[in-house]
Amino acid sequence: MREGESHLVAGGRHWLVATVAAGLIAFVLGLLFRPAQAWSAFLVSSFFFLTVALGGTVFLAIMYVSNAGWHTPFKRVPEALSAYLPASALSMLAFLAGARWLYPWTHADAVLHDELLAAKAPYLNISFFAVRMVAVLALWLFFALMMRRYSLRQDRDADIKYTKRNVVLSAIFLALFPFSFSMASIDWLMSLEPHWVSTIVGLYHIAGLLSATVAAVSIVVILLRRRGALPQVTEAQLHDLGKLLFGFSTMWAYLWFSQFLLIWYTNFPEETTHYVTRLQGSTSFLFVLNVVLNWALPFVVLLRRPAKRSERILLWVQNAH
């Protein structure tokens, strides 16, 4: 075990290995008996961890471009999140093997008998889908690895030129990120329902990425701080993380409500189907729970300044979020 790893891993490594093994067994059994459900769970899991890993790079890029310094004591935390990006990219590529179980447009018979799918076929086809996936994953990996490379080099000689290089990389990355991530969200998630139409889905997932990333960074920072690994992190940094979570969760709620209200008000069949399936059945409560945990809870709890500076409250909100 490398120096510093023991802060979060010691005593829990066996549990992590056991959890991974149980997950693999469950996935294999799912492939044998319920492949559609297994690949659906695999997609949700892969996409979530990809967003958190990519979010680490986005977080750092925002800090570089804004010339921020408050995150310096825990800069290694978002860098550690970014380090998972290669593994999450491989996970998404592995998902291509199960695409036919989830996407209606991968079936020739469905395209042949559906005018809308036939019209979208030049874009929604498995070959072009795979090319786009490889392209965006390679783009994100390039920027994440280059920014990490310059950060480590600066540790050796403290040359300011590496910071300047990362500022340039971050500016380019932040210009490309919204378009590439929106396209990926539309490809990987929205095309699960190829008849559904929404022009805001890309921004919605970007807001979710930002909110989830700040929550993940905050949890790790607090746990490391409690173990004495980040003595430089003060209540001021916790306050800043709390403000970011408060802001990003509110932005997510604004986009969620904007999408829902417009679709509910216009009542177009090609738009309402997305919500009809989520508001019916035994799992409809998850629709409301999503808003409560992702916005209402952090908004109410983190309104007061002392709450944003409290380890206990922040950790509780992040875990619930």
# chains A, B, ... in the order shown; residues from 1 in each chain; ligands from 1

call {"tool": "select_by_dssp", "arguments": {"residues": "region 185-268 of chain A", "states": "alpha helix (DSSP H)", "output": "number ranges by chain"}}
result
A: 185-188, 201-226, 235-266

call {"tool": "residues_around", "arguments": {"residues": "Leu238 (chain A)", "least_positions_apart": "5", "cutoff": "12 Å", "atoms": "only C-alpha atoms", "output": "PyMOL selection string"}}
result
chain A and resi 70-71+73-74+214-215+217-222+225+230+232-233+243-245+302+305-315

call {"tool": "atom_distance", "arguments": {"atom1": "CA of Glu193 (chain A)", "atom2": "CA of Pro104 (chain A)"}}
result
7.9 Å

call {"tool": "residues_around", "arguments": {"residues": "Ala38 (chain A)", "least_positions_apart": "4", "cutoff": "9 Å", "atoms": "only C-alpha atoms", "output": "PyMOL selection string"}}
result
chain A and resi 26-31+33-34+42-43

call {"tool": "residues_around", "arguments": {"residues": "region 253-261 of chain A", "least_positions_apart": "6", "cutoff": "8 Å", "atoms": "only C-alpha atoms", "output": "PyMOL selection string"}}
result
chain A and resi 198+200+203-204+291+294-295

call {"tool": "atom_distance", "arguments": {"atom1": "CA of Ser211 (chain A)", "atom2": "CA of Phe248 (chain A)"}}
result
5.1 Å

call {"tool": "closest_residue", "arguments": {"among": "A:Thr277, A:Thr51, A:Ser127, A:Gln37", "to": "Leu102 (chain A)", "atoms": "only C-alpha atoms"}}
result
A:Gln37

call {"tool": "atom_distance", "arguments": {"atom1": "CA of Leu210 (chain A)", "atom2": "CA of His239 (chain A)"}}
result
16.8 Å

call {"tool": "closest_atom_pairs", "arguments": {"of": "region 6-104 of chain A", "to": "region 168-183 of chain A", "cutoff": "7 Å", "atoms": "only C-alpha atoms", "output": "JSON lines"}}
result
{"residue": "A:Ala61", "atom": "CA", "partner": "A:Ser170", "partner_atom": "CA", "distance": 4.5}
{"residue": "A:Tyr64", "atom": "CA", "partner": "A:Ser170", "partner_atom": "CA", "distance": 6.6}
{"residue": "A:Val65", "atom": "CA", "partner": "A:Ala171", "partner_atom": "CA", "distance": 6.2}

call {"tool": "write_last_selection", "arguments": {"atoms": "C-alpha atoms", "output": "PDB file, in the first residue's frame"}}
result
ATOM      1  CA  ALA A  61     -10.561  23.217 -14.800  1.00  0.00           C
ATOM      2  CA  TYR A  64      -7.590  26.897 -12.897  1.00  0.00           C
ATOM      3  CA  VAL A  65      -9.540  29.224 -15.166  1.00  0.00           C
TER       4      VAL A  65
END

call {"tool": "residues_around", "arguments": {"residues": "Arg148 (chain A)", "least_positions_apart": "2", "cutoff": "12 Å", "atoms": "only C-alpha atoms", "output": "number ranges by chain"}}
result
A: 56-57, 60-61, 75-83, 85, 141-146, 150-155, 162-163, 165-166, 169-170

call {"tool": "write_last_selection", "arguments": {"atoms": "C-alpha atoms", "output": "compact mmCIF listing (two decimals), in the first residue's frame"}}
result
# COMPACT_ATOMS: atom_id res chain seq x y z
CA GLY A 56 -13.09 15.90 -11.03
CA THR A 57 -11.48 17.27 -14.20
CA LEU A 60 -10.08 21.44 -11.47
CA ALA A 61 -10.56 23.22 -14.80
CA LYS A 75 -6.47 19.52 -4.93
CA ARG A 76 -5.43 15.87 -4.92
CA VAL A 77 -9.03 14.82 -4.17
CA PRO A 78 -10.55 15.92 -7.51
CA GLU A 79 -7.38 14.69 -9.20
CA ALA A 80 -7.98 11.28 -7.60
CA LEU A 81 -11.54 11.31 -8.94
CA SER A 82 -10.16 12.07 -12.41
CA ALA A 83 -7.77 9.14 -12.09
CA LEU A 85 -11.64 8.20 -15.79
CA LEU A 141 -9.00 11.36 -21.20
CA PHE A 142 -6.53 13.56 -23.05
CA PHE A 143 -7.34 16.66 -21.02
CA ALA A 144 -7.56 14.79 -17.71
CA LEU A 145 -4.20 13.05 -18.19
CA MET A 146 -2.43 16.18 -19.42
CA TYR A 150 1.54 19.04 -15.40
CA SER A 151 0.32 19.06 -11.80
CA LEU A 152 2.74 16.28 -10.85
CA ARG A 153 5.60 17.98 -12.68
CA GLN A 154 4.97 21.16 -10.74
CA ASP A 155 5.34 19.19 -7.51
CA TYR A 162 2.87 24.23 -15.42
CA THR A 163 0.03 26.18 -13.85
CA ARG A 165 -0.26 25.36 -19.17
CA ASN A 166 -3.10 23.92 -17.13
CA LEU A 169 -5.79 23.35 -21.18
CA SER A 170 -8.65 24.09 -18.80
